[in-house]
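S.K.: Can you keep this structure in mind? I'll have questions shortly.
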Amino acid sequence: MKHKQEVVAITRDGVPSAVLLSMDQFEGLMETIEILSDQKSMRGLRRSLTQAEKGQWVSHHTVFG
């Protein structure tokens with residue numbers, strides 16, 4: 001059974017000052033930051049999104065034979 005991943009806000013005097021999250025969520029965030037900070041990866045991602053919006057798809061067979 002998969003558990004719902006929750007984020008817990010830690011407050012100081014009623015003001016959120018930190019968060020507690022699972023290791024899976026933390027690792028996912030770090031991976032996202034790494035991808036977003038890689039200009040080459042982002043260029044490829046933007047190009048792919050533009051092609052998808054235009055309906056320019058490549059078949060699985062074309063890519064993997």
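Residues in the structure tokens are numbered from 1 in each chain, the chains being A, B, ... in the order shown, and ligands are numbered from 1 in the order shown.
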Could you tell me, as a list in words, which residues of chain A DSSP assigns to strand (DSSP E or B) when given the backbone?

M.R.: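 Answer for chain A restricted to strand (DSSP E or B) is Val8, Ala9, Ile10, Thr11, Arg12, Val15, Pro16, Ser17, Ala18, Val19 and Leu20 of chain A.
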
S.K.: Could you name the residues that touch segment 25-39 of chain A at 10 Å or less, counting only C-alpha atoms, but leaving out those on the same chain fewer than 6 positions away, as a list in words?

M.R.: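 Answer for this query is Gln5, Glu6, Val7 and Leu45 of chain A.
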
S.K.: Save the residues we just selected, N, CA, C and O atoms, as a CSV table (one decimal), in the first residue's frame?

M.R.:
chain,number,residue,atom,x,y,z
A,5,GLN,N,2.0,11.0,0.8
A,5,GLN,CA,3.2,11.8,1.3
A,5,GLN,C,2.7,13.1,1.8
A,5,GLN,O,2.1,13.9,1.1
A,6,GLU,N,3.1,13.4,3.1
A,6,GLU,CA,2.7,14.7,3.7
A,6,GLU,C,3.9,15.6,3.9
A,6,GLU,O,5.0,15.1,4.2
A,7,VAL,N,3.7,16.8,3.9
A,7,VAL,CA,4.7,17.8,4.3
A,7,VAL,C,4.1,18.5,5.6
A,7,VAL,O,3.0,18.9,5.7
A,45,LEU,N,14.4,19.9,-23.2
A,45,LEU,CA,13.1,19.7,-22.7
A,45,LEU,C,12.2,20.7,-23.3
A,45,LEU,O,11.0,20.4,-23.8

S.K.: From the DSSP assignment of the backbone, select every residue of chain A that is helix (DSSP H, G or I), and format the answer as a ChimeraX atom specification.

M.R.: /A:23-36,39-53,60-64
